[in-house]
Structures are given as structure tokens and as C-alpha cells.
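*Asks:* One file: target_11.txt (compact mmCIF, C-alpha atoms and all ligand atoms).
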# COMPACT_ATOMS: atom_id res chain seq x y z
CA MET A 429 148.21 71.93 -139.14
CA ASN A 430 150.97 69.37 -139.25
CA SER A 431 151.51 68.24 -135.66
CA HIS A 432 155.23 67.92 -136.44
CA HIS A 433 155.67 71.66 -136.48
CA THR A 434 154.17 72.36 -133.07
CA GLU A 435 157.41 71.02 -131.58
CA ALA A 436 160.63 73.06 -131.45
CA GLY A 437 163.34 72.28 -133.96
CA VAL A 438 166.61 70.79 -132.79
CA THR A 439 169.99 70.10 -134.37
CA VAL A 440 172.17 67.15 -133.40
CA LEU A 441 175.88 67.21 -134.27
CA GLY A 442 177.58 63.83 -133.96
CA LEU A 443 175.75 60.62 -134.80
CA GLY A 444 177.76 57.97 -133.04
CA ARG A 445 176.05 55.46 -130.78
CA MET A 446 174.84 58.17 -128.42
CA GLY A 447 174.22 61.01 -130.89
CA SER A 448 172.09 58.74 -133.07
CA ALA A 449 169.98 57.77 -130.06
CA LEU A 450 169.53 61.45 -129.12
CA ALA A 451 168.46 62.40 -132.65
CA ALA A 452 166.12 59.40 -132.91
CA ALA A 453 164.43 60.38 -129.63
CA PHE A 454 163.84 63.97 -130.80
CA LEU A 455 162.51 62.68 -134.10
CA ALA A 456 160.21 60.16 -132.44
CA ALA A 457 158.77 62.92 -130.24
CA GLY A 458 157.88 64.97 -133.30
CA HIS A 459 160.68 67.55 -133.16
CA PRO A 460 161.91 68.72 -136.56
CA THR A 461 165.45 67.34 -136.31
CA THR A 462 168.48 68.40 -138.32
CA VAL A 463 171.50 66.11 -138.17
CA TRP A 464 175.16 66.25 -139.13
CA ASN A 465 177.97 63.74 -138.74
CA ARG A 466 181.59 63.82 -139.87
CA THR A 467 181.06 60.51 -141.64
CA PRO A 468 177.86 61.33 -143.58
CA ALA A 469 176.67 57.73 -144.01
CA ARG A 470 175.85 57.55 -140.30
CA ALA A 471 172.97 59.98 -140.99
CA ASP A 472 171.32 57.70 -143.56
CA GLU A 473 168.97 55.87 -141.20
CA LEU A 474 167.85 59.07 -139.47
CA ALA A 475 167.31 60.83 -142.79
CA ALA A 476 165.16 57.91 -143.91
CA ALA A 477 163.14 58.32 -140.69
CA GLY A 478 162.51 62.01 -141.42
CA ALA A 479 165.53 63.92 -140.14
CA VAL A 480 166.94 66.74 -142.26
CA ARG A 481 170.52 66.03 -143.22
CA ALA A 482 172.78 69.10 -143.13
CA GLU A 483 175.73 69.10 -145.52
CA THR A 484 177.91 71.29 -143.30
CA VAL A 485 178.24 72.14 -139.60
CA ALA A 486 177.32 75.76 -140.43
CA GLU A 487 174.13 74.64 -142.16
CA ALA A 488 173.32 72.39 -139.20
CA VAL A 489 173.72 75.05 -136.50
CA THR A 490 171.69 77.67 -138.38
CA ALA A 491 168.76 75.25 -138.79
CA SER A 492 167.66 75.32 -135.11
CA ASP A 493 167.71 77.52 -132.02
CA LEU A 494 168.73 74.48 -129.98
CA VAL A 495 171.95 72.75 -130.99
CA VAL A 496 173.03 69.51 -129.29
CA VAL A 497 176.57 68.23 -129.77
CA CYS A 498 177.70 64.72 -128.84
CA VAL A 499 181.04 63.68 -130.29
CA LEU A 500 184.05 61.80 -128.93
CA ASP A 501 185.69 64.47 -126.77
CA GLN A 502 186.04 68.20 -126.10
CA PRO A 503 188.87 68.86 -128.59
CA ALA A 504 186.52 67.53 -131.29
CA VAL A 505 183.75 69.88 -130.06
CA THR A 506 186.07 72.88 -130.20
CA ALA A 507 187.36 71.97 -133.67
CA LEU A 508 183.77 71.63 -134.94
CA LEU A 509 182.26 74.72 -133.39
CA ASP A 510 184.98 77.36 -133.30
CA PRO A 511 184.70 78.00 -137.07
CA VAL A 512 180.90 78.49 -136.80
CA ALA A 513 180.83 80.56 -133.60
CA GLY A 514 179.24 83.49 -135.46
CA SER A 515 176.36 81.29 -136.66
CA LEU A 516 175.80 79.95 -133.13
CA ALA A 517 175.36 83.44 -131.62
CA GLY A 518 171.92 83.89 -130.07
CA ARG A 519 171.25 80.13 -130.02
CA THR A 520 171.52 77.57 -127.23
CA LEU A 521 174.31 74.99 -127.35
CA VAL A 522 173.87 71.82 -125.31
CA ASN A 523 177.13 69.90 -125.03
CA LEU A 524 176.52 66.25 -124.16
CA THR A 525 180.09 65.21 -124.97
CA SER A 526 181.96 63.77 -121.98
CA GLY A 527 184.79 65.84 -120.57
CA SER A 528 186.30 67.35 -117.44
CA PRO A 529 184.76 70.17 -115.37
CA GLU A 530 187.67 72.36 -116.49
CA GLN A 531 186.91 71.70 -120.15
CA ALA A 532 183.23 72.44 -119.55
CA ARG A 533 184.00 75.76 -117.88
CA ALA A 534 186.34 76.70 -120.74
CA MET A 535 183.54 75.87 -123.23
CA ALA A 536 181.12 78.01 -121.20
CA ALA A 537 183.54 80.94 -121.33
CA TRP A 538 183.99 80.43 -125.08
CA ALA A 539 180.20 80.36 -125.56
CA ALA A 540 179.67 83.47 -123.44
CA GLY A 541 182.30 85.25 -125.51
CA HIS A 542 180.27 84.45 -128.64
CA SER A 543 176.82 85.26 -127.16
CA VAL A 544 175.84 81.60 -127.17
CA ALA A 545 173.69 80.26 -124.31
CA TYR A 546 175.47 77.15 -123.03
CA LEU A 547 174.47 74.04 -121.15
CA ASP A 548 176.95 71.32 -120.34
CA GLY A 549 175.35 67.96 -119.83
CA GLY A 550 176.06 64.52 -118.45
CA ILE A 551 174.17 61.54 -119.84
CA MET A 552 173.61 59.04 -117.04
CA THR A 553 172.56 56.15 -119.26
CA THR A 554 173.56 54.14 -122.33
CA PRO A 555 171.95 54.74 -125.76
CA ASP A 556 169.14 52.25 -125.08
CA GLY A 557 168.08 54.37 -122.08
CA VAL A 558 167.70 57.57 -124.11
CA GLY A 559 164.03 58.58 -124.20
CA LEU A 560 163.10 56.91 -120.90
CA PRO A 561 161.75 59.24 -118.19
CA THR A 562 163.79 57.26 -115.61
CA SER A 563 167.10 58.21 -117.28
CA MET A 564 168.88 61.22 -115.76
CA PHE A 565 170.41 63.93 -117.91
CA LEU A 566 172.46 66.35 -115.77
CA TYR A 567 172.71 69.99 -116.86
CA GLY A 568 174.59 73.06 -115.69
CA GLY A 569 175.20 76.36 -117.44
CA SER A 570 173.59 79.58 -118.62
CA PRO A 571 170.80 80.69 -116.28
CA GLY A 572 167.43 80.21 -117.93
CA ALA A 573 168.69 78.02 -120.76
CA LEU A 574 167.40 74.78 -119.27
CA ALA A 575 164.04 76.32 -118.43
CA ALA A 576 163.74 77.67 -121.98
CA HIS A 577 164.33 74.23 -123.53
CA HIS A 578 163.05 72.01 -120.75
CA LYS A 579 160.22 70.49 -122.77
CA THR A 580 162.46 69.57 -125.70
CA LEU A 581 165.26 68.22 -123.50
CA SER A 582 162.77 66.17 -121.48
CA VAL A 583 162.37 64.02 -124.58
CA LEU A 584 165.84 62.55 -123.86
CA GLY A 585 165.21 61.73 -120.21
CA ASP A 586 164.64 63.53 -116.91
CA PRO A 587 166.60 66.82 -116.95
CA VAL A 588 168.37 67.40 -113.61
CA ASP A 589 169.17 71.10 -113.06
CA LEU A 590 172.58 71.59 -111.39
CA GLY A 591 172.46 75.38 -111.64
CA ASP A 592 174.65 77.88 -113.43
CA ASP A 593 178.09 76.28 -113.05
CA ALA A 594 178.76 74.55 -116.39
CA GLY A 595 181.42 72.37 -114.74
CA LEU A 596 179.08 70.53 -112.41
CA ALA A 597 177.55 68.06 -114.88
CA SER A 598 181.03 66.67 -115.65
CA LEU A 599 181.97 66.66 -111.97
CA TYR A 600 178.79 64.78 -110.99
CA ASP A 601 179.21 62.45 -113.95
CA ALA A 602 182.77 61.54 -112.94
CA GLY A 603 181.78 61.06 -109.29
CA LEU A 604 178.73 59.00 -110.19
CA LEU A 605 180.75 56.72 -112.45
CA GLY A 606 183.17 56.25 -109.54
CA LEU A 607 180.21 55.31 -107.36
CA MET A 608 179.02 52.85 -110.00
CA TRP A 609 182.44 51.18 -110.20
CA SER A 610 182.64 50.94 -106.42
CA VAL A 611 179.19 49.35 -106.29
CA PHE A 612 180.06 47.00 -109.15
CA GLY A 613 183.27 46.08 -107.32
CA GLY A 614 181.47 45.35 -104.06
CA TRP A 615 178.76 43.39 -105.83
CA LEU A 616 181.22 41.33 -107.91
CA HIS A 617 183.34 40.61 -104.83
CA ALA A 618 180.26 39.47 -102.91
CA THR A 619 179.01 37.47 -105.89
CA ALA A 620 182.37 35.69 -106.12
CA LEU A 621 182.22 34.99 -102.38
CA ALA A 622 178.69 33.55 -102.52
CA GLY A 623 179.52 31.77 -105.77
CA ALA A 624 182.38 29.93 -104.07
CA ASP A 625 179.72 28.11 -102.02
CA GLY A 626 177.58 27.39 -105.08
CA VAL A 627 175.21 30.38 -104.93
CA ALA A 628 174.29 31.56 -108.43
CA ALA A 629 174.71 35.25 -109.20
CA SER A 630 171.05 35.36 -110.19
CA ALA A 631 170.10 34.06 -106.73
CA PHE A 632 172.36 36.42 -104.80
CA THR A 633 171.69 39.56 -106.83
CA PRO A 634 168.01 40.21 -105.95
CA VAL A 635 169.00 40.21 -102.26
CA ALA A 636 171.92 42.52 -103.06
CA VAL A 637 169.62 44.92 -104.92
CA ARG A 638 167.24 45.09 -101.96
CA TRP A 639 170.21 45.81 -99.71
CA LEU A 640 171.18 48.76 -101.93
CA THR A 641 167.86 50.40 -101.06
CA THR A 642 168.74 50.15 -97.36
CA VAL A 643 172.24 51.46 -98.09
CA SER A 644 170.72 54.44 -99.97
CA GLY A 645 168.84 55.31 -96.78
CA PHE A 646 172.13 55.27 -94.82
CA MET A 647 173.67 57.59 -97.41
CA GLU A 648 170.82 60.07 -97.12
CA ARG A 649 171.19 60.12 -93.34
CA TYR A 650 174.98 60.49 -93.51
CA ALA A 651 174.89 63.33 -96.10
CA GLY A 652 173.53 65.64 -93.39
CA GLN A 653 176.30 64.54 -91.02
CA ILE A 654 178.97 65.30 -93.64
CA ASP A 655 177.56 68.77 -94.28
CA ALA A 656 177.40 69.41 -90.53
CA GLY A 657 180.92 68.00 -89.95
CA HIS A 658 179.47 66.01 -87.05
CA TYR A 659 179.36 62.18 -87.12
CA PRO A 660 177.42 60.76 -84.19
CA GLY A 661 177.82 56.98 -84.19
CA ASP A 662 174.39 56.44 -82.73
CA ASP A 663 173.37 53.86 -85.35
CA ALA A 664 176.61 51.93 -85.91
CA THR A 665 180.17 52.92 -85.04
CA ILE A 666 183.37 52.48 -87.02
CA ASP A 667 184.66 50.31 -84.12
CA VAL A 668 181.81 47.85 -84.67
CA GLN A 669 182.28 47.82 -88.44
CA LEU A 670 186.05 47.31 -88.17
CA ALA A 671 185.30 44.16 -86.17
CA ALA A 672 182.64 43.06 -88.67
CA ILE A 673 184.82 43.42 -91.75
CA GLU A 674 187.12 40.72 -90.32
CA HIS A 675 184.34 38.19 -91.02
CA LEU A 676 184.26 39.27 -94.68
CA LEU A 677 188.05 39.05 -94.95
CA HIS A 678 188.08 35.67 -93.23
CA ALA A 679 185.34 34.23 -95.47
CA GLY A 680 187.18 35.53 -98.53
CA ARG A 681 190.53 34.04 -97.46
CA GLU A 682 188.91 30.65 -96.84
CA ARG A 683 187.56 30.70 -100.41
CA GLY A 684 190.57 32.17 -102.21
CA ILE A 685 188.73 35.41 -103.02
CA ASP A 686 190.77 38.54 -103.89
CA GLY A 687 190.55 40.64 -100.74
CA ARG A 688 191.98 43.97 -101.92
CA LEU A 689 188.67 45.84 -101.88
CA PRO A 690 187.66 45.00 -98.30
CA GLU A 691 191.29 45.42 -97.23
CA LEU A 692 191.12 49.04 -98.41
CA HIS A 693 187.95 49.56 -96.38
CA ARG A 694 189.58 47.99 -93.33
CA GLU A 695 192.64 50.23 -93.75
CA LEU A 696 190.49 53.39 -93.86
CA MET A 697 188.46 52.30 -90.85
CA ALA A 698 191.60 51.37 -88.87
CA LYS A 699 193.06 54.80 -89.59
CA ALA A 700 189.93 56.52 -88.28
CA VAL A 701 190.07 54.37 -85.15
CA ALA A 702 193.78 55.18 -84.70
CA GLU A 703 192.90 58.87 -84.91
CA GLY A 704 190.45 58.41 -82.06
CA ASN A 705 187.28 58.46 -84.16
CA GLY A 706 186.16 54.83 -83.74
CA GLY A 707 182.98 55.90 -81.99
CA ASP A 708 181.83 57.92 -85.00
CA SER A 709 179.55 56.85 -87.83
CA TYR A 710 180.98 55.55 -91.11
CA ALA A 711 180.43 59.00 -92.66
CA ARG A 712 183.54 60.16 -90.76
CA LEU A 713 185.63 58.32 -93.41
CA VAL A 714 184.94 61.20 -95.82
CA ASP A 715 188.04 62.70 -94.17
CA ALA A 716 190.12 59.84 -95.57
CA PHE A 717 189.19 60.91 -99.10
CA ARG A 718 189.69 64.63 -98.61
CA GLY A 719 192.93 66.34 -99.51
CA ARG A 720 194.71 67.65 -96.49
P1 LIG B 801 180.90 56.77 -130.78
O1 LIG B 801 179.80 55.84 -131.11
O2 LIG B 801 182.31 56.30 -130.89
O3 LIG B 801 180.72 58.07 -131.69
C1 LIG B 801 181.69 59.09 -131.70
C2 LIG B 801 181.17 60.24 -132.53
O4 LIG B 801 182.12 61.31 -132.47
C3 LIG B 801 180.98 59.90 -134.01
O5 LIG B 801 179.85 60.61 -134.48
C4 LIG B 801 182.26 60.45 -134.61
O6 LIG B 801 182.13 60.77 -135.97
C5 LIG B 801 182.43 61.69 -133.79
N1 LIG B 801 183.75 62.26 -133.82
C6 LIG B 801 184.89 61.75 -133.26
N2 LIG B 801 185.92 62.58 -133.47
C7 LIG B 801 185.44 63.62 -134.19
C8 LIG B 801 186.01 64.80 -134.71
N3 LIG B 801 187.32 65.07 -134.53
N4 LIG B 801 185.22 65.65 -135.40
C9 LIG B 801 183.91 65.38 -135.58
N5 LIG B 801 183.30 64.29 -135.11
C10 LIG B 801 184.06 63.42 -134.41
O7 LIG B 801 180.75 57.33 -129.29
P2 LIG B 801 179.40 57.54 -128.45
O8 LIG B 801 179.18 56.33 -127.62
O9 LIG B 801 178.33 58.06 -129.32
O10 LIG B 801 179.91 58.68 -127.45
C11 LIG B 801 179.83 60.06 -127.81
C12 LIG B 801 179.98 60.88 -126.53
O11 LIG B 801 178.90 60.55 -125.65
C13 LIG B 801 181.28 60.61 -125.76
O12 LIG B 801 181.76 61.82 -125.21
C14 LIG B 801 180.82 59.66 -124.68
O13 LIG B 801 181.67 59.71 -123.53
C15 LIG B 801 179.43 60.22 -124.38
N6 LIG B 801 178.57 59.23 -123.70
C16 LIG B 801 178.36 58.02 -124.26
C17 LIG B 801 177.57 57.08 -123.58
C18 LIG B 801 177.33 55.71 -124.17
O14 LIG B 801 176.74 54.88 -123.47
N7 LIG B 801 177.67 55.44 -125.41
C19 LIG B 801 177.02 57.40 -122.33
C20 LIG B 801 177.25 58.67 -121.79
C21 LIG B 801 178.04 59.57 -122.49
P3 LIG B 801 182.41 59.67 -137.12
O15 LIG B 801 181.13 58.90 -137.26
O16 LIG B 801 182.75 60.48 -138.31
O17 LIG B 801 183.56 58.81 -136.62
Rewrite the coordinates I just gave you, this time as C-alpha cells.
*Replies:*
Amino acid sequence: MNSHHTEAGVTVLGLGRMGSALAAAFLAAGHPTTVWNRTPARADELAAAGAVRAETVAEAVTASDLVVVCVLDQPAVTALLDPVAGSLAGRTLVNLTSGSPEQARAMAAWAAGHSVAYLDGGIMTTPDGVGLPTSMFLYGGSPGALAAHHKTLSVLGDPVDLGDDAGLASLYDAGLLGLMWSVFGGWLHATALAGADGVAASAFTPVAVRWLTTVSGFMERYAGQIDAGHYPGDDATIDVQLAAIEHLLHAGRERGIDGRLPELHRELMAKAVAEGNGGDSYARLVDAFRGR
């Protein structure tokens, strides 16, 4: 028996940077892979590597029970799939195109209306990370759909099950990118600060990365406080941190470093202190981000 055919077939629509990486990973893992792209030439390399090239979207979606779509945005997904909704019925659609939670929930409703099982996904890596077990792929949507295709989807990375709300993958994705930009901002600010005294980024960064592990531990502790709505400052209070951030601002001023990021942190801390919450833990600042 040809070992190829022991693996489930999969269709990939959209062969840009990310779609090509997804299709290549399925192919490399031995899954019969059907591909389609608006600009057909982008399928050439995959076809040469053994993928089946579909001439039309309809042909592509009928080739496999599992259909993965990864194009520019949600309007492109709708334009591609609405005309072939009848052919998708009874299959599972995995939408790895970035979008908003609202768009994802609208797609889920559309899919349910056409008897299509639907998973909305968030890819928490770049194309070079596709296929690594350390890469997270977030999924939410039709109950049972992830379990049914878990083995195939594991080829792309570690599938993280967010449950049956199709909007959550996009919501997590957006929040996690925000976290990444905040971390990048803090790291670049600190790197500029250390660099002003001649410290190379490559010398400072390993220490910064170790510190992130400690910070992760703080986050895990504070998550419970946020859920409980109770912020005991028994490890470090906002009062103490408001005093400490002055050293960062001072060091930055002395070196001509842009201080807007730490100034925002100081502003939020000062507000919490003004509201009488200076004795609480830093987790109390979640209030500053919440709508009133
Ligand atoms: P890309 O390289 O620019 O590819 C875009 C793809 O979308 C191409 O296949 C393009 O087809 C197709 N497309 C655009 N408009 C279309 C339309 N109206 N109808 C049909 N196909 C259309 O982008 P990418 O990096 O692969 O990103 C694709 C999606 O993955 C995006 O939603 C992106 O946010 C998400 N994503 C990307 C990364 C990343 O690191 N690259 C990470 C996470 C998530 P043509 O070849 O015909 O132009």
C-alpha cells in the first residue's frame, strides 16, 4: 500500500507566503494535498512536489473533506467560497485568514447555514515556523471539528483548542499581537537605554530573555487575582513600583531616550495610587484598560 494514502486528504486555497507553507507542510507529512491559488503560477512549485493542482475553487473544495483557506482578508474568503457553498456542505472549512472576531462569527453563521463544519484559526508564527510542534495554531468553532481533524492539523503546529466560539481565535490573535508589540517596545526601549552606555543588544538581550521567564511567572500569579477581582500587594505594591519607575525615567532622560512608553506606565500607576489603590499589586491596573 502506498503510505501516502494512509493520511487524510486536504485542500489548501490561497498560496501566498503562508498558504504555500501550509500546503508544503501537509505535503511533507504525506497528506494528499490539493491546491488552488488565484494566480495559478504560485502553485507550480507545490505541484512539482506532488500536490494536485485544482483548476477551479469548486474542484478544489470537492477534492477533500478538510478545506483550509488562507488568503489576504475575510472579504476575499467570502468572495471565493460563497459561490461554492453547496460543494462545501458536509465538509470542514478551516479559515486561517486573519480577521476580526466579528468577521469570524459571521463566517461561522454562514457555514452553519450551509451545513459546513467551521473552524476559525489564528496562526501564531511566520511561514518558517509552520510545521514546528512549538508553533501555536489557535482554533475555535464547530464542536468536534478540531477533534475530527486533530491529527492532520497537528502537521502545521500545536493546535490550541479555544472551544466552540469561532470568534476567539481572532480575539486571542489580536490580543497576543498587542502583547508582542508591548514586549518589543519595552525591549527596544531598554536596549536603547543600555546601548547608550555602550552595551550591545546581543549582550543585553540574553538577560532580557531570562527576565521574561520571571515576568511570565508574575503574569500567571496575577491572572488568578484578576479573575478574583482581588489584588493583594503582598509581593510588590503599585506604590513601590511608581517610585521605581522614576529611576527608569531619570536614566532615559540623562541619555536622551524617548520616554513615552514608561511615561504611560507611570501615568497608569499614578492614577491607581490617586484612586487609593497604591497598596495593591500591579494586576490592579487591568481596571485602567477596561471600559467603564
Ligand atoms: P500573501 O503572501 O500576500 O498572500 C496573499 C494570498 O491571498 C495570495 O494567495 C493571494 O492570491 C490571495 N488573495 C488576495 N486577495 C484575493 C482575492 N480577492 N481572491 C483570492 N485570493 C486572494 O499573504 P500571506 O502572508 O500568505 O498572508 C495570508 C493570510 O495569512 C493573511 O490573512 C495573513 O494575515 C495571515 N497570516 C500571515 C502570517 C505571515 O507571517 N505571513 C502569519 C499569520 C497569519 P494571488 O497570489 O493571486 O495574489
*Asks:* Let me see if you get this right: every residue at most 7 Å from ligand LIG 801 (chain B), counting all atoms listed in the file, written as a ChimeraX atom specification.
*Replies:* /A:442-447,465-467,470,498-501,504-505,507-508,524-527,550-555
*Asks:* Neighbours of region 517-522 of chain A within 7 Å (all atoms listed in the file; same-chain residues fewer than 3 positions away dropped), as a list of chain:residue names?
*Replies:*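 What passes the distance filter is A:Asp493, A:Leu494, A:Val495, A:Val496, A:Val497, A:Ala513, A:Gly514, A:His542, A:Ser543, A:Val544, A:Ala545, A:Tyr546, A:Leu547, A:Asp548, A:Gly549.
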*Asks:* From the set A:Ala651, A:Ile666, A:Ala573, A:Ala477, which residue has the shortest atom-to-atom contact distance to Met697 (chain A), counting only C-alpha atoms?
*Replies:*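 Looking only at the distances to Met697 (chain A), the closest residue turns out to be A:Ile666.
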*Asks:* So what do you get for CA of Val558 (chain A) versus CA of Ala453 (chain A), distance-wise?
*Replies:*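 Distance between the two atoms: 7.0 Å.
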*Asks:* In Å, rounded to a single decimal, give me how far CA of Asp593 (chain A) is from CA of Gly572 (chain A).
*Replies:*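 Going from CA of Gly572 (chain A) over to CA of Asp593 (chain A) covers 12.4 Å.
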